[in-house]
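**Q** See upload_1.txt below, with compact mmCIF, C-alpha atoms and all ligand atoms.
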# COMPACT_ATOMS: atom_id res chain seq x y z
CA MET A 1 -8.85 5.03 -12.95
CA GLU A 2 -5.92 5.20 -10.55
CA PRO A 3 -2.60 4.80 -12.39
CA ASP A 4 -0.65 1.69 -11.54
CA VAL A 5 2.19 2.89 -9.33
CA LEU A 6 4.47 0.29 -10.78
CA ASP A 7 3.68 1.27 -14.32
CA GLY A 8 6.06 3.68 -15.97
CA PRO A 9 8.66 6.18 -14.86
CA ASP A 10 6.25 8.81 -13.53
CA THR A 11 8.74 10.13 -11.05
CA THR A 12 9.52 13.34 -9.32
CA ASP A 13 13.30 13.25 -9.36
CA GLY A 14 14.08 11.66 -12.70
CA ALA A 15 15.78 8.73 -10.94
CA GLY A 16 12.96 6.30 -10.47
CA ALA A 17 11.62 7.71 -7.21
CA ARG A 18 8.06 8.60 -6.37
CA VAL A 19 6.36 10.70 -3.77
CA VAL A 20 4.70 8.49 -1.18
CA SER A 21 2.15 10.05 1.12
CA VAL A 22 0.86 8.27 4.21
CA ILE A 23 -0.82 9.02 7.50
CA VAL A 24 1.55 7.82 10.21
CA ASN A 25 0.51 7.83 13.84
CA GLY A 26 -2.23 10.33 12.97
CA GLU A 27 -0.01 12.71 11.05
CA ARG A 28 0.17 13.14 7.27
CA ARG A 29 3.72 12.51 6.15
CA GLY A 30 5.35 12.25 2.77
CA GLY A 31 8.68 11.36 1.30
CA LEU A 32 10.47 10.26 -1.80
CA ALA A 33 10.79 6.53 -2.38
CA PRO A 34 12.73 4.75 -5.12
CA VAL A 35 10.35 2.18 -6.54
CA ARG A 36 12.23 -0.73 -4.95
CA MET A 37 12.53 0.82 -1.49
CA THR A 38 10.85 -1.24 1.22
CA LEU A 39 8.26 0.33 3.46
CA ALA A 40 10.55 -0.40 6.42
CA ASP A 41 13.38 1.60 4.88
CA PHE A 42 10.97 4.39 3.95
CA LEU A 43 9.71 4.66 7.52
CA ARG A 44 13.20 4.57 8.96
CA HIS A 45 15.20 6.63 6.49
CA GLU A 46 12.69 8.99 4.89
CA LEU A 47 10.39 9.58 7.87
CA GLY A 48 12.90 9.03 10.68
CA LEU A 49 10.74 6.45 12.45
CA THR A 50 13.57 4.19 13.54
CA GLY A 51 11.54 2.24 16.10
CA THR A 52 10.66 -0.08 13.24
CA HIS A 53 13.61 -2.44 13.18
CA LEU A 54 15.00 -4.69 10.50
CA GLY A 55 16.30 -8.10 11.47
CA CYS A 56 16.00 -10.76 8.81
CA GLU A 57 14.61 -8.51 6.03
CA HIS A 58 12.72 -11.45 4.57
CA GLY A 59 9.58 -11.86 6.59
CA VAL A 60 10.67 -14.23 9.33
CA CYS A 61 11.59 -12.35 12.51
CA GLY A 62 8.75 -9.81 12.82
CA ALA A 63 10.99 -6.99 14.06
CA CYS A 64 9.64 -4.75 11.29
CA THR A 65 5.96 -5.26 12.16
CA ILE A 66 3.72 -2.23 11.82
CA ILE A 67 -0.04 -1.79 11.56
CA LEU A 68 -1.16 -0.81 8.07
CA ASN A 69 -4.82 0.00 7.49
CA GLY A 70 -5.62 -1.87 10.70
CA ALA A 71 -3.66 -5.04 10.03
CA ALA A 72 -0.29 -6.10 11.41
CA VAL A 73 2.13 -6.48 8.51
CA ARG A 74 5.83 -6.98 7.97
CA SER A 75 7.11 -3.73 6.53
CA CYS A 76 10.21 -5.42 5.10
CA LEU A 77 7.98 -7.33 2.67
CA LEU A 78 6.16 -4.29 1.30
CA LEU A 79 7.35 -1.61 -1.04
CA ALA A 80 6.94 1.95 0.11
CA ILE A 81 5.01 2.79 -3.04
CA GLN A 82 2.44 0.10 -2.17
CA ALA A 83 1.64 2.03 1.00
CA ASP A 84 0.86 5.31 -0.75
CA GLY A 85 -2.34 6.67 0.79
CA ALA A 86 -2.34 4.16 3.66
CA THR A 87 -2.87 4.74 7.35
CA ILE A 88 0.07 3.41 9.33
CA GLU A 89 0.78 2.91 12.99
CA THR A 90 4.32 2.40 14.23
CA VAL A 91 5.68 1.78 17.70
CA GLU A 92 6.33 5.50 18.08
CA GLY A 93 2.56 6.05 18.10
CA LEU A 94 1.74 3.76 21.02
CA ALA A 95 2.58 6.10 23.88
CA GLU A 96 0.57 9.24 24.58
CA GLY A 97 3.33 11.75 25.20
CA ASP A 98 5.23 10.42 28.20
CA GLU A 99 2.50 7.94 29.08
CA LEU A 100 3.27 4.45 27.86
CA SER A 101 0.40 2.41 26.48
CA PRO A 102 -1.02 -0.28 28.80
CA LEU A 103 0.81 -2.92 26.78
CA GLN A 104 4.11 -1.07 27.02
CA GLN A 105 3.59 -0.69 30.77
CA ALA A 106 2.88 -4.42 31.03
CA PHE A 107 6.11 -5.20 29.15
CA HIS A 108 7.99 -2.99 31.57
CA ARG A 109 6.30 -4.50 34.63
CA ASN A 110 6.96 -8.07 33.49
CA HIS A 111 10.54 -7.57 32.28
CA ALA A 112 9.39 -8.66 28.85
CA LEU A 113 12.36 -7.16 27.04
CA GLN A 114 16.09 -7.17 27.35
CA CYS A 115 18.00 -5.63 24.42
CA GLY A 116 14.73 -4.33 22.98
CA PHE A 117 15.58 -4.96 19.35
CA CYS A 118 12.55 -7.15 18.78
CA THR A 119 10.23 -5.28 21.11
CA GLY A 120 8.66 -2.78 18.73
CA GLY A 121 7.58 -5.57 16.42
CA PHE A 122 6.10 -7.58 19.27
CA LEU A 123 4.24 -4.54 20.57
CA MET A 124 2.66 -3.89 17.18
CA SER A 125 1.69 -7.54 16.62
CA ILE A 126 0.13 -7.75 20.08
CA THR A 127 -1.61 -4.39 19.77
CA ALA A 128 -3.30 -5.52 16.56
CA ALA A 129 -4.25 -8.89 18.04
CA LEU A 130 -5.77 -7.40 21.19
CA ARG A 131 -7.98 -5.14 19.09
CA ASP A 132 -9.56 -8.29 17.68
CA GLY A 133 -10.59 -9.57 21.09
CA PRO A 134 -9.37 -10.83 24.45
CA VAL A 135 -6.57 -13.31 24.93
CA THR A 136 -7.85 -15.65 27.59
CA THR A 137 -5.21 -18.39 27.89
CA ASP A 138 -1.46 -18.69 27.78
CA ASP A 139 -1.77 -20.78 24.64
CA GLU A 140 -3.68 -17.98 22.94
CA ALA A 141 -0.97 -15.56 24.05
CA ARG A 142 1.67 -17.87 22.57
CA GLU A 143 -0.26 -17.88 19.31
CA VAL A 144 -0.28 -14.07 19.30
CA LEU A 145 3.49 -14.05 19.84
CA SER A 146 4.22 -16.80 17.37
CA GLY A 147 4.93 -14.55 14.39
CA ASN A 148 7.78 -12.73 16.10
CA ILE A 149 11.18 -13.88 17.29
CA CYS A 150 13.08 -12.73 20.36
CA ARG A 151 16.66 -13.85 20.74
CA CYS A 152 17.47 -12.75 24.26
CA THR A 153 14.63 -12.32 26.73
CA GLY A 154 12.44 -15.36 26.30
CA TYR A 155 8.70 -15.31 26.14
CA ALA A 156 7.35 -15.89 29.67
CA GLY A 157 7.26 -12.18 30.51
CA MET A 158 5.63 -11.38 27.20
CA ILE A 159 2.91 -13.97 27.79
CA ARG A 160 2.15 -12.37 31.15
CA ALA A 161 2.13 -8.91 29.54
CA VAL A 162 -0.33 -10.02 26.86
CA ARG A 163 -2.63 -11.63 29.43
CA GLU A 164 -2.52 -8.65 31.79
CA THR A 165 -3.20 -6.15 29.01
CA SER A 166 -6.06 -8.27 27.76
CA ASP A 167 -7.52 -8.44 31.27
CA GLU A 168 -7.15 -4.66 31.65
CA THR A 169 -8.82 -4.07 28.31
CA TYR A 170 -11.59 -6.64 28.38
CA GLY A 171 -11.93 -7.47 32.07
CA ALA A 172 -10.31 -10.21 34.11
CA GLY A 173 -11.84 -13.34 35.55
CA ARG A 174 -11.85 -15.45 32.44
CA ASN A 175 -10.84 -19.06 32.69
CA GLY A 176 -7.34 -19.96 31.71
CA GLU A 177 -4.00 -20.87 33.09
CA THR A 178 -1.75 -18.22 34.47
CA ALA A 179 1.66 -17.61 32.98
FE1 LIG A 201 10.86 -8.01 8.51
FE2 LIG A 201 12.39 -9.75 9.84
S1 LIG A 201 12.86 -7.71 9.23
S2 LIG A 201 10.31 -9.96 9.22
FE1 LIG A 202 16.55 -8.80 22.66
FE2 LIG A 202 14.09 -9.62 22.03
S1 LIG A 202 14.68 -8.39 23.75
S2 LIG A 202 15.88 -9.82 20.85
Please express the file's structure as structure tokens.

**A**
Amino acid sequence: MEPDVLDGPDTTDGAGARVVSVIVNGERRGGLAPVRMTLADFLRHELGLTGTHLGCEHGVCGACTIILNGAAVRSCLLLAIQADGATIETVEGLAEGDELSPLQQAFHRNHALQCGFCTGGFLMSITAALRDGPVTTDDEAREVLSGNICRCTGYAGMIRAVRETSDETYGAGRNGETA
């Protein structure tokens, strides 16, 4: 039986830290995580993946959204040790080299970001949602965006970006209002 990671001081540094091993953006990575370290802090400070941002740090803003084992999650609400063995996607994994993903290109085309602080979280939430199926109306796009907060750009450009990426992915011509 797998040992409970929260059970006992089975540590590597004698100070309550454990080795956490994950596959991030297709690459196996590992680092040392104190048992109370959040997954967001682990990604940022241990693995150097600073595209995952921290806003509220209590599950409201969505800036820290990543995809963990296929599901969009808030990495500020998870402990790093809970992710041991998981497959993780962060915003750094969306582009292929210098080629932005279709969603990133749509954000750029539609001026869907301003300061960019929230953008990584939005991109990960939308990426996960679009894998589940097309977004065929503006209201559906709003629903996809509803778990994330942007404080400076507004949402009209994002709605267009979601719709355009959905059309590119699944084919256009579906009924629905335009943004
Ligand atoms: Fe995680 Fe705001 S930082 S939801
Ligand atoms: Fe500035 Fe969203 S682009 S908070």

**Q** Rank nothing, just name the residue among A:Ala63, A:Glu164, A:Arg109, A:Ile88 nearest to ligand LIG 202 (chain A), using only C-alpha atoms and all ligand atoms.

**A**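 Nearest to ligand LIG 202 (chain A): A:Ala63.
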
**Q** Pick the closest to Ser21 in chain A from A:Ala112, A:Ile66, A:Leu100, A:Leu43: which is it, counting all atoms listed in the file?

**A**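 The closest residue to Ser21 in chain A is A:Leu43.
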
**Q** Measure the distance from CA of Ala17 in chain A to CA of Leu39 in chain A in Å and round it to one decimal.

**A**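 Spanning CA of Ala17 in chain A to CA of Leu39 in chain A is a straight-line distance of 13.4 Å.
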
**Q** Can you work out the spacing between CA of Gly121 in chain A and CA of Thr65 in chain A in Å, to one decimal?

**A**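 Value for the CA of Gly121 in chain A-CA of Thr65 in chain A distance: 4.6 Å.
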
**Q** Would you please work out which residue, of A:Cys61, A:Val135, A:Met124, A:Leu103, is nearest to ligand LIG 201 (chain A) when using all atoms listed in the file?

**A**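 Under the stated criterion, the closest residue is A:Cys61.
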
**Q** Counting only C-alpha atoms and all ligand atoms, what residues are within 9 Å of ligand LIG 201 (chain A), given as a list of chain:residue names?

**A**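 Those residues are A:Ala40, A:Thr52, A:His53, A:Leu54, A:Gly55, A:Cys56, A:Glu57, A:His58, A:Gly59, A:Val60, A:Cys61, A:Gly62, A:Ala63, A:Cys64, A:Thr65, A:Val73, A:Arg74, A:Ser75, A:Cys76, A:Leu77, A:Gly121, A:Gly147, A:Asn148, A:Ile149.
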
**Q** Which of these, A:His111, A:Arg36, A:His45, A:Arg131, has the shortest distance to ligand LIG 202 (chain A) once you count all atoms listed in the file?

**A**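 Closest residue, counting all atoms listed in the file: A:His111.
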